[in-house]
file run.tsv (TSV, C-alpha atoms and all ligand atoms)
chain	number	residue	atom	x	y	z
A	1	MET	CA	0.00	0.00	0.00
A	2	THR	CA	1.35	3.43	-0.94
A	3	ILE	CA	0.30	6.55	0.91
A	4	LEU	CA	0.07	9.78	-1.05
A	5	VAL	CA	1.20	12.74	1.05
A	6	THR	CA	0.29	16.11	-0.42
A	7	GLY	CA	2.48	18.91	0.86
A	8	GLY	CA	5.09	16.36	1.94
A	9	ALA	CA	7.89	18.89	1.39
A	10	GLY	CA	6.34	21.25	3.91
A	11	TYR	CA	6.94	21.58	7.63
A	12	ILE	CA	4.39	19.13	9.04
A	13	GLY	CA	4.18	17.00	5.89
A	14	SER	CA	7.91	16.24	5.83
A	15	HIS	CA	7.92	15.16	9.49
A	16	CYS	CA	4.94	12.91	8.76
A	17	VAL	CA	6.66	11.35	5.73
A	18	GLN	CA	9.62	10.49	7.96
A	19	GLN	CA	7.33	8.80	10.50
A	20	LEU	CA	5.44	6.90	7.80
A	21	LEU	CA	8.69	5.58	6.33
A	22	ALA	CA	9.91	4.60	9.81
A	23	ALA	CA	6.65	2.67	10.24
A	24	GLY	CA	7.40	0.72	7.05
A	25	GLN	CA	4.93	2.47	4.73
A	26	LYS	CA	5.58	3.23	1.08
A	27	VAL	CA	5.20	6.97	0.54
A	28	CYS	CA	4.65	9.14	-2.51
A	29	VAL	CA	4.91	12.91	-2.05
A	30	ILE	CA	3.37	15.61	-4.21
A	31	ASP	CA	4.24	19.24	-3.55
A	32	ASN	CA	4.29	22.34	-5.75
A	33	LEU	CA	7.36	23.57	-3.80
A	34	SER	CA	5.84	27.04	-3.54
A	35	ARG	CA	6.60	26.94	0.17
A	36	GLY	CA	8.02	23.48	0.75
A	37	HIS	CA	11.61	22.29	0.41
A	38	ARG	CA	12.70	19.44	-1.81
A	39	ALA	CA	15.53	18.83	0.68
A	40	ALA	CA	12.97	18.06	3.38
A	41	VAL	CA	11.61	15.02	1.53
A	42	PRO	CA	13.42	11.83	2.53
A	43	SER	CA	14.99	10.07	-0.46
A	44	GLN	CA	13.04	6.85	0.21
A	45	ALA	CA	9.81	8.61	-0.78
A	46	SER	CA	8.93	9.09	-4.45
A	47	PHE	CA	8.38	12.75	-5.33
A	48	PHE	CA	6.33	14.60	-7.95
A	49	GLN	CA	6.32	18.38	-8.24
A	50	LEU	CA	2.63	18.99	-8.81
A	51	ASP	CA	0.03	21.56	-7.87
A	52	LEU	CA	-3.30	20.47	-6.42
A	53	SER	CA	-5.05	22.11	-9.38
A	54	GLU	CA	-3.47	19.62	-11.82
A	55	THR	CA	-6.27	17.07	-11.61
A	56	ASP	CA	-5.24	14.93	-14.59
A	57	GLU	CA	-1.63	14.68	-13.40
A	58	LEU	CA	-2.88	13.77	-9.92
A	59	ILE	CA	-4.91	10.96	-11.46
A	60	ASP	CA	-1.82	9.71	-13.32
A	61	VAL	CA	0.18	9.66	-10.08
A	62	MET	CA	-2.57	7.95	-8.11
A	63	LYS	CA	-2.84	5.21	-10.74
A	64	SER	CA	0.86	4.73	-11.51
A	65	GLN	CA	1.90	4.76	-7.85
A	66	ARG	CA	-1.01	2.51	-6.77
A	67	ILE	CA	-2.13	4.95	-4.11
A	68	GLU	CA	-4.48	3.53	-1.50
A	69	LYS	CA	-4.89	6.39	0.95
A	70	VAL	CA	-4.14	10.11	1.01
A	71	ILE	CA	-2.84	12.39	3.75
A	72	HIS	CA	-3.57	15.92	2.64
A	73	PHE	CA	-1.34	18.64	4.09
A	74	ALA	CA	-0.81	20.93	1.08
A	75	ALA	CA	-2.26	24.32	1.98
A	76	LEU	CA	-1.54	27.95	2.58
A	77	ALA	CA	-1.68	28.47	6.32
A	78	TYR	CA	-1.06	32.07	7.42
A	79	VAL	CA	-3.98	33.71	9.17
A	80	GLY	CA	-2.75	37.26	8.52
A	81	GLU	CA	-1.97	36.64	4.85
A	82	SER	CA	-5.43	35.13	4.35
A	83	VAL	CA	-7.03	38.32	5.65
A	84	GLU	CA	-4.87	40.51	3.38
A	85	ASN	CA	-5.31	38.33	0.28
A	86	PRO	CA	-8.09	35.75	0.59
A	87	LEU	CA	-8.36	34.50	-3.00
A	88	PRO	CA	-5.20	32.34	-3.01
A	89	TYR	CA	-6.52	30.70	0.17
A	90	TYR	CA	-9.78	29.73	-1.48
A	91	ALA	CA	-8.00	28.76	-4.73
A	92	ASN	CA	-5.36	26.60	-3.10
A	93	ASN	CA	-7.03	25.29	0.03
A	94	THR	CA	-10.64	24.96	-1.11
A	95	ALA	CA	-10.56	24.58	-4.91
A	96	GLY	CA	-7.25	22.69	-4.72
A	97	THR	CA	-8.75	20.14	-2.33
A	98	LEU	CA	-11.78	19.77	-4.61
A	99	SER	CA	-9.40	18.93	-7.46
A	100	LEU	CA	-7.65	16.37	-5.23
A	101	LEU	CA	-10.98	14.79	-4.25
A	102	GLN	CA	-12.05	14.61	-7.90
A	103	ALA	CA	-8.76	12.93	-8.79
A	104	MET	CA	-9.26	10.48	-5.93
A	105	ARG	CA	-12.76	9.65	-7.10
A	106	GLN	CA	-11.62	9.04	-10.68
A	107	SER	CA	-8.73	6.88	-9.44
A	108	ARG	CA	-10.93	4.95	-6.99
A	109	VAL	CA	-8.92	6.19	-4.02
A	110	SER	CA	-11.50	6.71	-1.32
A	111	GLN	CA	-9.81	7.39	2.02
A	112	ILE	CA	-8.20	10.59	3.20
A	113	VAL	CA	-6.79	12.18	6.34
A	114	PHE	CA	-7.36	15.92	6.09
A	115	SER	CA	-5.48	18.73	7.86
A	116	SER	CA	-8.07	21.06	9.29
A	117	THR	CA	-7.55	23.78	11.85
A	118	CYS	CA	-8.65	25.33	15.11
A	119	ALA	CA	-9.22	28.46	13.00
A	120	THR	CA	-12.55	26.89	11.98
A	121	TYR	CA	-13.81	27.64	15.53
A	122	GLY	CA	-13.35	31.40	15.27
A	123	ILE	CA	-13.65	32.90	18.74
A	124	PRO	CA	-14.70	29.89	20.83
A	125	GLU	CA	-17.40	30.31	23.46
A	126	THR	CA	-15.72	27.90	25.86
A	127	ILE	CA	-12.11	26.88	26.47
A	128	PRO	CA	-10.82	24.23	25.99
A	129	VAL	CA	-12.55	23.80	22.64
A	130	THR	CA	-14.29	20.48	22.00
A	131	GLU	CA	-15.16	19.10	18.58
A	132	GLU	CA	-18.81	19.99	19.23
A	133	SER	CA	-18.03	23.69	19.73
A	134	ALA	CA	-19.65	26.01	17.19
A	135	GLN	CA	-17.58	26.64	14.07
A	136	SER	CA	-17.64	30.23	12.95
A	137	PRO	CA	-14.29	31.29	11.46
A	138	ILE	CA	-13.06	34.87	11.73
A	139	ASN	CA	-10.54	34.69	8.89
A	140	PRO	CA	-10.48	33.34	5.30
A	141	TYR	CA	-7.94	30.66	6.25
A	142	GLY	CA	-10.47	29.15	8.67
A	143	TRP	CA	-13.28	29.40	6.10
A	144	SER	CA	-11.14	27.82	3.37
A	145	LYS	CA	-10.75	24.74	5.61
A	146	LEU	CA	-14.31	24.70	6.97
A	147	PHE	CA	-15.71	24.53	3.44
A	148	ILE	CA	-13.68	21.36	2.91
A	149	GLU	CA	-14.92	19.89	6.18
A	150	GLN	CA	-18.45	20.25	4.77
A	151	ILE	CA	-17.48	18.79	1.39
A	152	LEU	CA	-15.84	15.78	3.06
A	153	THR	CA	-18.92	15.24	5.21
A	154	ASP	CA	-21.12	15.32	2.09
A	155	CYS	CA	-18.83	12.88	0.25
A	156	ALA	CA	-18.91	10.42	3.16
A	157	HIS	CA	-22.69	10.69	3.15
A	158	SER	CA	-23.09	10.10	-0.57
A	159	TYR	CA	-20.24	7.83	-1.71
A	160	PRO	CA	-20.38	4.38	-0.05
A	161	ASN	CA	-16.62	3.70	-0.02
A	162	PHE	CA	-15.53	7.20	0.93
A	163	GLY	CA	-14.07	7.73	4.38
A	164	PHE	CA	-12.19	10.59	5.99
A	165	ILE	CA	-10.73	11.74	9.26
A	166	GLY	CA	-10.18	15.46	9.73
A	167	LEU	CA	-7.61	16.65	12.26
A	168	ARG	CA	-8.09	20.15	13.61
A	169	TYR	CA	-4.60	21.35	14.45
A	170	PHE	CA	-3.81	23.83	17.15
A	171	ASN	CA	-0.37	25.53	17.06
A	172	VAL	CA	2.14	23.07	15.67
A	173	ALA	CA	5.71	23.80	16.75
A	174	GLY	CA	9.14	22.28	17.31
A	175	CYS	CA	11.42	20.21	15.07
A	176	ALA	CA	12.35	16.54	14.74
A	177	ILE	CA	13.85	15.30	18.00
A	178	ASN	CA	16.62	13.52	16.04
A	179	GLY	CA	17.58	16.85	14.45
A	180	SER	CA	16.96	15.69	10.88
A	181	LEU	CA	14.04	17.95	9.93
A	182	GLY	CA	13.03	21.45	10.82
A	183	GLU	CA	10.81	24.44	10.25
A	184	ASP	CA	11.71	26.77	7.39
A	185	HIS	CA	9.01	29.13	6.16
A	186	SER	CA	9.34	31.99	3.74
A	187	PRO	CA	7.94	34.39	4.68
A	188	GLU	CA	8.29	33.47	8.35
A	189	THR	CA	5.39	34.72	10.42
A	190	HIS	CA	5.17	32.17	13.23
A	191	LEU	CA	5.94	33.16	16.77
A	192	ILE	CA	8.45	30.49	17.85
A	193	PRO	CA	10.61	30.73	14.68
A	194	ASN	CA	10.57	34.52	15.01
A	195	CYS	CA	11.76	34.23	18.61
A	196	LEU	CA	14.53	31.81	17.60
A	197	ASN	CA	15.60	33.98	14.65
A	198	THR	CA	15.85	36.87	17.10
A	199	ALA	CA	17.96	34.72	19.45
A	200	LEU	CA	20.22	33.94	16.47
A	201	GLY	CA	20.55	37.66	15.71
A	202	LYS	CA	18.82	37.31	12.33
A	203	GLN	CA	16.27	39.92	13.38
A	204	SER	CA	16.53	42.66	15.96
A	205	HIS	CA	13.35	41.92	17.94
A	206	VAL	CA	10.07	40.06	18.09
A	207	THR	CA	6.98	42.09	17.34
A	208	ILE	CA	4.14	41.28	19.71
A	209	LEU	CA	0.94	41.58	17.77
A	210	GLY	CA	-1.41	43.03	20.36
A	211	ASN	CA	-1.18	43.38	24.15
A	212	ASP	CA	-4.75	44.50	24.74
A	213	TYR	CA	-6.44	41.10	24.54
A	214	PRO	CA	-8.68	39.95	27.44
A	215	THR	CA	-5.97	37.64	28.86
A	216	ALA	CA	-3.84	37.87	32.02
A	217	ASP	CA	-0.89	39.58	30.29
A	218	GLY	CA	-2.86	41.04	27.38
A	219	THR	CA	-1.28	38.81	24.71
A	220	CYS	CA	-2.91	35.94	22.81
A	221	ILE	CA	-2.95	32.45	24.27
A	222	ARG	CA	-2.31	29.44	22.06
A	223	ASP	CA	-1.99	25.68	22.48
A	224	TYR	CA	1.45	24.63	21.16
A	225	ILE	CA	1.84	21.00	20.12
A	226	HIS	CA	5.03	19.25	19.01
A	227	VAL	CA	5.18	18.45	15.30
A	228	GLU	CA	6.02	14.80	15.96
A	229	ASP	CA	2.96	14.41	18.18
A	230	ILE	CA	0.71	15.79	15.46
A	231	CYS	CA	2.31	13.36	13.00
A	232	GLN	CA	1.59	10.51	15.40
A	233	ALA	CA	-2.07	11.54	15.27
A	234	HIS	CA	-1.94	11.19	11.46
A	235	LEU	CA	-0.54	7.67	11.66
A	236	LEU	CA	-3.30	6.67	14.09
A	237	ALA	CA	-5.93	8.32	11.87
A	238	LEU	CA	-4.57	6.52	8.81
A	239	ASN	CA	-5.04	3.17	10.54
A	240	ALA	CA	-8.51	4.13	11.74
A	241	LEU	CA	-9.78	5.07	8.25
A	242	THR	CA	-12.62	2.92	7.02
A	243	PRO	CA	-15.28	3.40	4.34
A	244	GLN	CA	-17.82	5.85	5.74
A	245	ALA	CA	-15.38	7.09	8.42
A	246	ASN	CA	-16.58	10.59	9.08
A	247	ARG	CA	-14.87	12.08	12.09
A	248	PHE	CA	-13.07	15.20	13.24
A	249	TYR	CA	-10.57	15.38	16.07
A	250	ASN	CA	-8.87	18.27	17.82
A	251	VAL	CA	-5.13	17.81	18.12
A	252	GLY	CA	-3.61	20.00	20.81
A	253	LEU	CA	-2.35	19.61	24.37
A	254	SER	CA	-5.12	21.46	26.25
A	255	SER	CA	-2.40	23.83	27.44
A	256	GLY	CA	-2.34	27.55	26.95
A	257	PHE	CA	0.69	29.82	26.67
A	258	SER	CA	0.63	33.54	26.00
A	259	VAL	CA	2.89	35.22	23.47
A	260	LEU	CA	4.92	36.62	26.38
A	261	ASP	CA	5.20	33.12	27.92
A	262	VAL	CA	6.68	31.90	24.63
A	263	VAL	CA	9.17	34.77	24.48
A	264	GLN	CA	10.29	34.15	28.09
A	265	THR	CA	10.59	30.38	27.60
A	266	THR	CA	12.65	30.97	24.45
A	267	GLU	CA	14.95	33.26	26.44
A	268	GLN	CA	15.42	30.48	29.02
A	269	VAL	CA	16.05	27.78	26.40
A	270	THR	CA	18.49	29.83	24.32
A	271	GLY	CA	20.11	31.76	27.15
A	272	ARG	CA	19.80	34.90	25.00
A	273	ALA	CA	17.79	38.07	25.44
A	274	ILE	CA	14.88	38.51	23.04
A	275	PRO	CA	13.93	42.18	22.67
A	276	ILE	CA	10.25	42.80	22.02
A	277	GLU	CA	8.21	45.59	20.47
A	278	TYR	CA	4.47	45.96	20.71
A	279	GLN	CA	2.29	46.52	17.69
A	280	ALA	CA	-1.43	46.51	16.98
A	281	ARG	CA	-3.40	43.28	16.85
A	282	ARG	CA	-3.15	41.13	13.73
A	283	PRO	CA	-6.58	40.93	12.07
A	284	GLY	CA	-8.10	37.46	12.28
A	285	ASP	CA	-6.45	36.44	15.59
A	286	PRO	CA	-8.78	35.09	18.31
A	287	PRO	CA	-7.65	35.92	21.88
A	288	VAL	CA	-7.49	32.36	23.27
A	289	LEU	CA	-7.34	28.92	21.64
A	290	SER	CA	-6.73	25.63	23.38
A	291	ALA	CA	-7.97	22.16	22.57
A	292	SER	CA	-9.72	19.42	24.41
A	293	HIS	CA	-7.98	16.31	23.04
A	294	GLU	CA	-10.14	13.95	25.04
A	295	LYS	CA	-11.86	12.55	21.91
A	296	ILE	CA	-8.72	11.57	19.96
A	297	THR	CA	-7.14	10.13	23.11
A	298	ARG	CA	-10.24	8.04	23.85
A	299	GLU	CA	-11.06	6.91	20.31
A	300	LEU	CA	-7.62	6.59	18.66
A	301	GLY	CA	-5.38	6.16	21.71
A	302	TRP	CA	-3.37	9.31	20.90
A	303	SER	CA	-0.91	10.18	23.63
A	304	PRO	CA	1.45	13.13	23.10
A	305	ARG	CA	5.09	12.58	24.07
A	306	HIS	CA	6.51	16.11	24.11
A	307	THR	CA	4.25	17.99	26.41
A	308	SER	CA	6.32	20.84	27.82
A	309	LEU	CA	6.75	24.14	26.02
A	310	THR	CA	10.43	24.07	27.00
A	311	GLU	CA	10.94	20.71	25.30
A	312	ILE	CA	9.11	21.88	22.17
A	313	ILE	CA	11.23	25.03	21.90
A	314	GLU	CA	14.45	23.09	22.70
A	315	SER	CA	13.82	20.78	19.74
A	316	ALA	CA	13.37	23.79	17.46
A	317	TRP	CA	16.42	25.62	18.87
A	318	ASN	CA	18.53	22.54	18.20
A	319	TRP	CA	17.60	22.65	14.49
A	320	PHE	CA	17.71	26.44	14.12
A	321	GLN	CA	21.22	26.63	15.56
A	322	LYS	CA	22.46	24.01	13.11
A	323	HIS	CA	20.50	25.45	10.17
A	324	PRO	CA	20.64	29.24	10.52
A	325	ASP	CA	19.64	29.55	6.85
A	326	GLY	CA	17.01	26.82	7.02
A	327	TYR	CA	17.27	24.11	4.39
A	328	GLN	CA	19.73	26.31	2.46
A	329	SER	CA	22.23	25.73	5.25
A	330	LYS	CA	25.12	23.41	4.58
A	331	GLY	CA	24.57	20.23	6.58
A	332	PRO	CA	23.01	16.79	6.65
A	333	ALA	CA	19.49	18.03	5.89
A	334	ALA	CA	20.50	19.25	2.44
A	335	SER	CA	21.76	15.87	1.27
A	336	SER	CA	18.37	14.15	1.01
A	337	SER	CA	17.56	16.19	-2.12
A	338	GLU	CA	20.18	14.40	-4.15
A	339	SER	CA	18.27	11.23	-4.93
A	340	GLY	CA	14.78	9.91	-5.36
A	341	GLU	CA	13.54	12.54	-7.82
A	342	ASN	CA	10.75	11.41	-10.09
B	1	LIG	N1	2.53	36.47	17.12
B	1	LIG	C1	3.20	37.60	17.56
B	1	LIG	N2	4.35	37.95	16.92
B	1	LIG	C2	4.87	37.26	15.88
B	1	LIG	C3	4.18	36.10	15.43
B	1	LIG	C4	3.02	35.75	16.08
B	1	LIG	O1	2.78	38.25	18.49
B	1	LIG	O2	5.91	37.63	15.35
B	1	LIG	C5	1.31	36.04	17.80
B	1	LIG	C6	0.09	35.89	16.91
B	1	LIG	O3	-0.62	37.11	16.85
B	1	LIG	C7	-0.68	34.79	17.63
B	1	LIG	C8	0.41	33.92	18.25
B	1	LIG	O4	1.58	34.74	18.29
B	1	LIG	O5	-1.44	35.33	18.67
B	1	LIG	C9	0.72	32.69	17.45
B	1	LIG	O6	0.89	33.08	16.09
B	1	LIG	P1	1.51	32.14	14.99
B	1	LIG	O7	1.62	32.96	13.74
B	1	LIG	O8	2.74	31.49	15.50
B	1	LIG	O9	0.43	30.98	14.79
B	1	LIG	P2	-1.14	31.06	14.44
B	1	LIG	O10	-1.84	31.17	15.76
B	1	LIG	O11	-1.37	32.23	13.54
B	1	LIG	O12	-1.39	29.76	13.76
call {"tool": "encode", "arguments": {"input": "run.tsv", "output": "structure tokens", "more": "lines below"}}
Ligand code: UDP
result
Amino acid sequence: MTILVTGGAGYIGSHCVQQLLAAGQKVCVIDNLSRGHRAAVPSQASFFQLDLSETDELIDVMKSQRIEKVIHFAALAYVGESVENPLPYYANNTAGTLSLLQAMRQSRVSQIVFSSTCATYGIPETIPVTEESAQSPINPYGWSKLFIEQILTDCAHSYPNFGFIGLRYFNVAGCAINGSLGEDHSPETHLIPNCLNTALGKQSHVTILGNDYPTADGTCIRDYIHVEDICQAHLLALNALTPQANRFYNVGLSSGFSVLDVVQTTEQVTGRAIPIEYQARRPGDPPVLSASHEKITRELGWSPRHTSLTEIIESAWNWFQKHPDGYQSKGPAASSSESGEN
């Protein structure tokens, strides 16, 4: 059985490919490399540079590679960018996923694990958020994913063999514990990488986007989860897929850390001062997000291994120090791009 991983050259996708290979799965990656890194794809995986919109080419890959199941990561995922420029979010995340689903249907591939997001909840009425909480996004990124949740639900209702599991991510962070894979976004907007880049001296300070939120220190609270724990949830979901599977799970730690908590923890981990500057709120940011993960723990047996913010940031600091220029840096990570190209 071969698993198709869309977005397998991206941050979370590449870590998941590594775990799938370690579990003995055959893996085929597609990625348009608009934001991913060819060097992040392990050489044991086959690779095709494709965009989600290329339905016919997707069908060719699904048939030639004998794909049985899909894990769908490929997406644009910046809240702020989605507010400034929503159309690429709907084109890539919503229309792109429709193209993928059409290709699956024509290739008789009927099971998919889908990356959804806590951004579908908008401003939650209760914390921690359960899967039954109302979904009312406050940014186009969240809407672009919620539309797909509905489409998947309709497909599972109408097509007898179709099954899906949707994972609603909270704030994924950290890098591979073995140091082999990392986080390298361009542009970089995420809080922990910005703190680490400041610790490395690559930027002068971290901008705190709003300190007038209704939280104890006035900055937003998020639920940070280690990238390898979120990948573990995908492997469990993959095994739990059945025809007619139609389930959504939150994947977070139920913990909440403010932006200032993250800055202070990064200072402790790196031993370096991280200057901050305050700016206005970023449009589309809810004040507090944290997940109840009771459902995925109960139903799939998910049990996160890296549960302290310090440990999460340490794993990222380890990679950032060794790869100050991300995947462009000279080092072991760059070598995996040399073979396995299709
Ligand atoms: N944030 C910030 N400064 C930054 C980047 C992020 O204050 O340089 C805040 C952001 O407003 C949010 C939190 O940190 O409240 C986490 O943002 P991030 O972009 O890391 O993840 P998101 O929550 O958007 O998925």
call {"tool": "residues_around", "arguments": {"input": "run.tsv", "residues": "A:Ala280", "least_positions_apart": "5", "cutoff": "10 Å", "atoms": "only C-alpha atoms", "output": "list in words"}}
result
Thr207, Ile208, Leu209, Gly210, Asn211 and Asp212 of chain A
call {"tool": "closest_atom_pairs", "arguments": {"input": "run.tsv", "of": "stretch 107-225 of chain A", "to": "stretch 19-42 of chain A", "cutoff": "8 Å", "atoms": "only C-alpha atoms", "output": "tab-separated table"}}
result
residue	atom	partner	partner_atom	distance
A:Leu181	CA	A:Ala40	CA	6.6
A:His185	CA	A:Arg35	CA	6.8
A:Ser186	CA	A:Arg35	CA	6.8
call {"tool": "closest_residue", "arguments": {"input": "run.tsv", "among": "A:Ile230, A:Ala156, A:Ala77, A:Met104", "to": "ligand LIG 1 (chain B)", "atoms": "all atoms listed in the file"}}
result
A:Ala77
call {"tool": "closest_residue", "arguments": {"input": "run.tsv", "among": "A:Cys16, A:Arg272, A:Asp285, A:Cys220", "to": "A:Gly142", "atoms": "only C-alpha atoms"}}
result
A:Asp285
call {"tool": "atom_distance", "arguments": {"input": "run.tsv", "atom1": "atom CA of A:Gln106", "atom2": "atom CA of A:Tyr159"}}
result
12.5 Å
call {"tool": "axis_aligned_box", "arguments": {"input": "run.tsv", "around": "stretch 77-91 of chain A", "padding_each_side": "3 Å", "output": "JSON"}}
result
{"center_x": -5.4, "center_y": 34.5, "center_z": 2.2, "size_x": 14.7, "size_y": 18.0, "size_z": 19.9}
call {"tool": "closest_residue", "arguments": {"input": "run.tsv", "among": "A:Met62, A:Glu311, A:Ile225, A:Tyr249", "to": "A:Glu132", "atoms": "all atoms listed in the file"}}
result
A:Tyr249
call {"tool": "residues_near_ligand", "arguments": {"input": "run.tsv", "ligand": "ligand LIG 1 (chain B)", "cutoff": "8 Å", "atoms": "only C-alpha atoms and all ligand atoms", "output": "number ranges by chain"}}
result
A: 77-80, 119, 170-172, 189-195, 206-210, 219-222, 258-259, 281-282, 285-287
call {"tool": "atom_distance", "arguments": {"input": "run.tsv", "atom1": "atom CA of A:Ile3", "atom2": "atom CA of A:Thr307"}}
result
28.2 Å
call {"tool": "residues_around", "arguments": {"input": "run.tsv", "residues": "A:Asn178", "least_positions_apart": "4", "cutoff": "12 Å", "atoms": "only C-alpha atoms", "output": "ChimeraX atom specification"}}
result
/A:15,18-19,174,182,228,314-316,318-319,332-333
call {"tool": "write_last_selection", "arguments": {"input": "run.tsv", "atoms": "C-alpha atoms", "output": "PDB file, in the frame of the given file"}}
result
ATOM      1  CA  HIS A  15       7.920  15.160   9.490  1.00  0.00           C
ATOM      2  CA  GLN A  18       9.620  10.490   7.960  1.00  0.00           C
ATOM      3  CA  GLN A  19       7.330   8.800  10.500  1.00  0.00           C
ATOM      4  CA  GLY A 174       9.140  22.280  17.310  1.00  0.00           C
ATOM      5  CA  GLY A 182      13.030  21.450  10.820  1.00  0.00           C
ATOM      6  CA  GLU A 228       6.020  14.800  15.960  1.00  0.00           C
ATOM      7  CA  GLU A 314      14.450  23.090  22.700  1.00  0.00           C
ATOM      8  CA  SER A 315      13.820  20.780  19.740  1.00  0.00           C
ATOM      9  CA  ALA A 316      13.370  23.790  17.460  1.00  0.00           C
ATOM     10  CA  ASN A 318      18.530  22.540  18.200  1.00  0.00           C
ATOM     11  CA  TRP A 319      17.600  22.650  14.490  1.00  0.00           C
ATOM     12  CA  PRO A 332      23.010  16.790   6.650  1.00  0.00           C
ATOM     13  CA  ALA A 333      19.490  18.030   5.890  1.00  0.00           C
TER      14      ALA A 333
END
call {"tool": "atom_distance", "arguments": {"input": "run.tsv", "atom1": "atom CA of A:Tyr121", "atom2": "atom CA of A:Leu4"}}
result
28.0 Å
call {"tool": "closest_residue", "arguments": {"input": "run.tsv", "among": "A:Pro88, A:Gly166, A:Gly271, A:Pro140", "to": "A:Leu200", "atoms": "all atoms listed in the file"}}
result
A:Gly271
